[in-house]
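Novice: For reference, this is my_file.pdb, and it has PDB, C-alpha atoms and all ligand atoms.
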```pdb
ATOM      1  CA  MET S   1      47.114  79.820 245.043  1.00  0.00           C
ATOM      2  CA  THR S   2      49.244  79.339 248.075  1.00  0.00           C
ATOM      3  CA  HIS S   3      52.468  77.397 247.973  1.00  0.00           C
ATOM      4  CA  ARG S   4      53.645  75.808 251.147  1.00  0.00           C
ATOM      5  CA  ARG S   5      57.267  75.101 251.686  1.00  0.00           C
ATOM      6  CA  ARG S   6      58.809  73.052 254.362  1.00  0.00           C
ATOM      7  CA  TYR S   7      62.077  74.099 255.908  1.00  0.00           C
ATOM      8  CA  ARG S   8      64.339  72.311 258.279  1.00  0.00           C
ATOM      9  CA  TYR S   9      67.575  73.202 259.943  1.00  0.00           C
ATOM     10  CA  VAL S  10      70.648  71.408 258.686  1.00  0.00           C
ATOM     11  CA  GLU S  11      74.038  71.804 260.279  1.00  0.00           C
ATOM     12  CA  MET S  12      76.651  73.188 257.889  1.00  0.00           C
ATOM     13  CA  ASN S  13      80.368  72.510 258.024  1.00  0.00           C
ATOM     14  CA  LEU S  14      82.971  74.972 256.786  1.00  0.00           C
ATOM     15  CA  ALA S  15      86.426  73.897 255.614  1.00  0.00           C
ATOM     16  CA  PRO S  16      89.063  74.870 253.042  1.00  0.00           C
ATOM     17  CA  ASP S  17      87.812  74.142 249.502  1.00  0.00           C
ATOM     18  CA  PRO S  18      89.718  71.066 248.291  1.00  0.00           C
ATOM     19  CA  ALA S  19      88.969  71.987 244.663  1.00  0.00           C
ATOM     20  CA  ALA S  20      90.744  75.368 244.927  1.00  0.00           C
ATOM     21  CA  ASP S  21      94.057  76.750 246.084  1.00  0.00           C
ATOM     22  CA  PRO S  22      93.572  77.176 249.845  1.00  0.00           C
ATOM     23  CA  TYR S  23      94.953  80.729 249.993  1.00  0.00           C
ATOM     24  CA  THR S  24      96.398  83.495 247.848  1.00  0.00           C
ATOM     25  CA  VAL S  25      98.321  86.571 249.010  1.00  0.00           C
ATOM     26  CA  ARG S  26      98.676  89.477 246.597  1.00  0.00           C
ATOM     27  CA  ALA S  27      99.506  93.160 246.908  1.00  0.00           C
ATOM     28  CA  THR S  28      97.985  96.031 244.963  1.00  0.00           C
ATOM     29  CA  CYS S  29      99.574  99.429 244.355  1.00  0.00           C
ATOM     30  CA  LEU S  30      97.129 102.147 245.358  1.00  0.00           C
ATOM     31  CA  THR S  31      98.656 104.581 242.865  1.00  0.00           C
ATOM     32  CA  CYS S  32      98.358 102.575 239.631  1.00  0.00           C
ATOM     33  CA  ALA S  33      96.386  99.448 240.658  1.00  0.00           C
ATOM     34  CA  ASP S  34      99.150  97.087 239.486  1.00  0.00           C
ATOM     35  CA  GLN S  35      99.114  93.775 241.331  1.00  0.00           C
ATOM     36  CA  SER S  36     101.873  91.501 242.507  1.00  0.00           C
ATOM     37  CA  PRO S  37     102.137  88.303 240.437  1.00  0.00           C
ATOM     38  CA  GLU S  38      99.818  85.389 241.082  1.00  0.00           C
ATOM     39  CA  PRO S  39     101.710  83.229 243.583  1.00  0.00           C
ATOM     40  CA  GLU S  40     102.514  79.588 242.997  1.00  0.00           C
ATOM     41  CA  PRO S  41      99.944  77.427 244.802  1.00  0.00           C
ATOM     42  CA  SER S  42     102.750  75.343 246.297  1.00  0.00           C
ATOM     43  CA  GLN S  43     104.137  78.374 248.170  1.00  0.00           C
ATOM     44  CA  SER S  44     103.353  78.640 251.871  1.00  0.00           C
ATOM     45  CA  ILE S  45     101.162  81.521 252.978  1.00  0.00           C
ATOM     46  CA  THR S  46     104.253  83.078 254.622  1.00  0.00           C
ATOM     47  CA  GLY S  47     106.205  82.691 251.379  1.00  0.00           C
ATOM     48  CA  GLN S  48     103.392  84.332 249.423  1.00  0.00           C
ATOM     49  CA  HIS S  49     103.281  87.158 251.971  1.00  0.00           C
ATOM     50  CA  GLN S  50     107.023  87.759 251.647  1.00  0.00           C
ATOM     51  CA  GLN S  51     106.839  87.632 247.835  1.00  0.00           C
ATOM     52  CA  ALA S  52     104.047  90.221 247.823  1.00  0.00           C
ATOM     53  CA  GLN S  53     106.094  92.490 250.113  1.00  0.00           C
ATOM     54  CA  ARG S  54     109.174  92.143 247.891  1.00  0.00           C
ATOM     55  CA  TRP S  55     107.035  93.054 244.885  1.00  0.00           C
ATOM     56  CA  CYS S  56     105.924  96.277 246.670  1.00  0.00           C
ATOM     57  CA  THR S  57     109.471  97.460 247.330  1.00  0.00           C
ATOM     58  CA  SER S  58     110.565  96.469 243.827  1.00  0.00           C
ATOM     59  CA  HIS S  59     107.565  98.196 242.262  1.00  0.00           C
ATOM     60  CA  ALA S  60     108.320 101.386 244.191  1.00  0.00           C
ATOM     61  CA  ALA S  61     112.096 101.378 243.663  1.00  0.00           C
ATOM     62  CA  ARG S  62     112.556  99.894 240.191  1.00  0.00           C
ATOM     63  CA  ASP S  63     109.279 100.355 238.338  1.00  0.00           C
ATOM     64  CA  HIS S  64     108.642 103.872 239.675  1.00  0.00           C
ATOM     65  CA  PRO S  65     111.912 105.350 240.941  1.00  0.00           C
ATOM     66  CA  ASP S  66     110.312 108.796 240.969  1.00  0.00           C
ATOM     67  CA  GLY S  67     109.026 107.719 244.381  1.00  0.00           C
ATOM     68  CA  ARG S  68     105.316 108.129 243.776  1.00  0.00           C
ATOM     69  CA  HIS S  69     104.088 104.529 244.195  1.00  0.00           C
ATOM     70  CA  LEU S  70     104.384 104.101 247.954  1.00  0.00           C
ATOM     71  CA  ARG S  71     101.000 102.878 249.207  1.00  0.00           C
ATOM     72  CA  TYR S  72      99.747  99.293 248.893  1.00  0.00           C
ATOM     73  CA  THR S  73      97.068  96.983 250.090  1.00  0.00           C
ATOM     74  CA  ALA S  74      97.538  93.275 250.696  1.00  0.00           C
ATOM     75  CA  HIS S  75      94.763  90.826 249.888  1.00  0.00           C
ATOM     76  CA  VAL S  76      94.663  87.423 251.479  1.00  0.00           C
ATOM     77  CA  THR S  77      92.081  85.187 249.826  1.00  0.00           C
ATOM     78  CA  LEU S  78      90.982  82.060 251.641  1.00  0.00           C
ATOM     79  CA  ARG S  79      88.770  79.677 249.687  1.00  0.00           C
ATOM     80  CA  TRP S  80      86.214  77.809 251.758  1.00  0.00           C
ATOM     81  CA  LEU S  81      83.578  75.217 251.069  1.00  0.00           C
ATOM     82  CA  VAL S  82      80.349  74.831 253.025  1.00  0.00           C
ATOM     83  CA  THR S  83      79.098  71.262 253.209  1.00  0.00           C
ATOM     84  CA  PRO S  84      75.716  70.314 254.670  1.00  0.00           C
ATOM     85  CA  ALA S  85      76.066  67.734 257.420  1.00  0.00           C
ATOM     86  CA  GLU S  86      73.284  65.705 255.769  1.00  0.00           C
ATOM     87  CA  ASP S  87      71.700  65.381 252.330  1.00  0.00           C
ATOM     88  CA  ILE S  88      69.600  68.495 251.623  1.00  0.00           C
ATOM     89  CA  GLY S  89      68.110  67.127 248.398  1.00  0.00           C
ATOM     90  CA  PRO S  90      67.904  68.738 244.973  1.00  0.00           C
ATOM     91  CA  ILE S  91      67.881  72.479 244.339  1.00  0.00           C
ATOM     92  CA  ALA S  92      64.364  73.890 244.735  1.00  0.00           C
ATOM     93  CA  PRO S  93      62.694  75.038 241.456  1.00  0.00           C
TER      94      PRO S  93
HETATM   95 ZN    ZN S 101     102.109 101.487 241.103  1.00  0.00          ZN
END
```
Write the structure described by the file as structure tokens, please.
Specialist:
Amino acid sequence: MTHRRRYRYVEMNLAPDPAADPYTVRATCLTCADQSPEPEPSQSITGQHQQAQRWCTSHAARDHPDGRHLRYTAHVTLRWLVTPAEDIGPIAP
């Protein structure tokens, strides 16, 4: 039995997800995998960036003064929502 499906092209729009925090900046220590604290959603992205950097220097100097936690990565998470430009109907079975 052959099933035929019909497809059509629908334009999709991409925008920040209004149901989520629009961005999060966190740092991770590459030595022990500790992460900087979850930032407050009300903080600007620059403020979150600066807080993550301060956490890195504090983690290296205060948490590990032996000087072995010196490498970090920074993760910027942007939450997006794709919205079809027109009704695409129910989810196919
Ligand atoms: Zn560490």
Novice: Give me the residues near region 50-64 of chain S as number ranges by chain, where near means some atom within 9 Å (using all atoms listed in the file) and where sequence neighbours in that chain fewer than 5 positions away do not count.
Specialist: S: 25-29, 34-37, 39, 45, 69-72, 74
Novice: With 10 Å as the threshold, what does the neighbourhood of (65.5, 68.7, 248.7) contain in terms of residues, counting all atoms listed in the file? Coordinates are those of the file; answer as a ChimeraX atom specification.
Specialist: /S:6-7,87-92
Novice: Okay, now the selection with C-alpha atoms, as a PDB file, in the frame of the given file?
Specialist:
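Contents of result21.pdb, freshly written:
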```pdb
ATOM      1  CA  ARG S   6      58.809  73.052 254.362  1.00  0.00           C
ATOM      2  CA  TYR S   7      62.077  74.099 255.908  1.00  0.00           C
ATOM      3  CA  ASP S  87      71.700  65.381 252.330  1.00  0.00           C
ATOM      4  CA  ILE S  88      69.600  68.495 251.623  1.00  0.00           C
ATOM      5  CA  GLY S  89      68.110  67.127 248.398  1.00  0.00           C
ATOM      6  CA  PRO S  90      67.904  68.738 244.973  1.00  0.00           C
ATOM      7  CA  ILE S  91      67.881  72.479 244.339  1.00  0.00           C
ATOM      8  CA  ALA S  92      64.364  73.890 244.735  1.00  0.00           C
TER       9      ALA S  92
END
```
Novice: Could you tell me how far CA of Gly67 (chain S) sits from CA of Leu30 (chain S), in Å to one decimal place?
Specialist: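 Atom-to-atom, CA of Leu30 (chain S) to CA of Gly67 (chain S), that is 13.2 Å.
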Novice: From the list S:Glu11, S:Pro93, S:Glu86, S:Gln48, which residue is nearest Tyr23 (chain S) when using only C-alpha atoms?
Specialist: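 Result for the nearest residue to Tyr23 (chain S): S:Gln48.
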Novice: For a cutoff of 8 Å around the file-coordinate point (100.0, 77.8, 245.7), which residues qualify once you count all atoms listed in the file? I'd like the result as a ChimeraX atom specification.
Specialist: /S:21-24,39-44
Novice: So the first atom is CA of Pro16 (chain S) and the second is CA of Trp80 (chain S); what is the distance between them in Å, to one decimal place?
Specialist: 4.3 Å
Novice: Set the distance at 7 Å and use all atoms listed in the file: which residues neighbour Asn13 (chain S) once local chain neighbours fewer than 2 positions away are removed? I'd like the list as a PDB file with C-alpha atoms, in the coordinates of the input.
Specialist:
```
ATOM      1  CA  GLU S  11      74.038  71.804 260.279  1.00  0.00           C
ATOM      2  CA  ALA S  15      86.426  73.897 255.614  1.00  0.00           C
ATOM      3  CA  VAL S  82      80.349  74.831 253.025  1.00  0.00           C
ATOM      4  CA  THR S  83      79.098  71.262 253.209  1.00  0.00           C
ATOM      5  CA  PRO S  84      75.716  70.314 254.670  1.00  0.00           C
ATOM      6  CA  ALA S  85      76.066  67.734 257.420  1.00  0.00           C
TER       7      ALA S  85
END
```
Novice: Pick out the closest residue to ligand ZN 101 (chain S) from this set: S:Thr31, S:Arg8, S:Ala20, S:Thr77. Count all atoms listed in the file.
Specialist: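 Selected residue with least distance to ligand ZN 101 (chain S): S:Thr31.
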Novice: Nearest residue to ligand ZN 101 (chain S) out of S:Thr2, S:Pro18, S:Val76, S:Ala33, using all atoms listed in the file?
Specialist: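 Between S:Thr2, S:Pro18, S:Val76, S:Ala33, the residue approaching ligand ZN 101 (chain S) most closely is S:Ala33.
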Novice: Please, what distance in Å, to one decimal, runs between CA of His75 (chain S) and CA of Glu38 (chain S)?
Specialist: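 If I compute the distance from CA of His75 (chain S) to CA of Glu38 (chain S), I get 11.5 Å.
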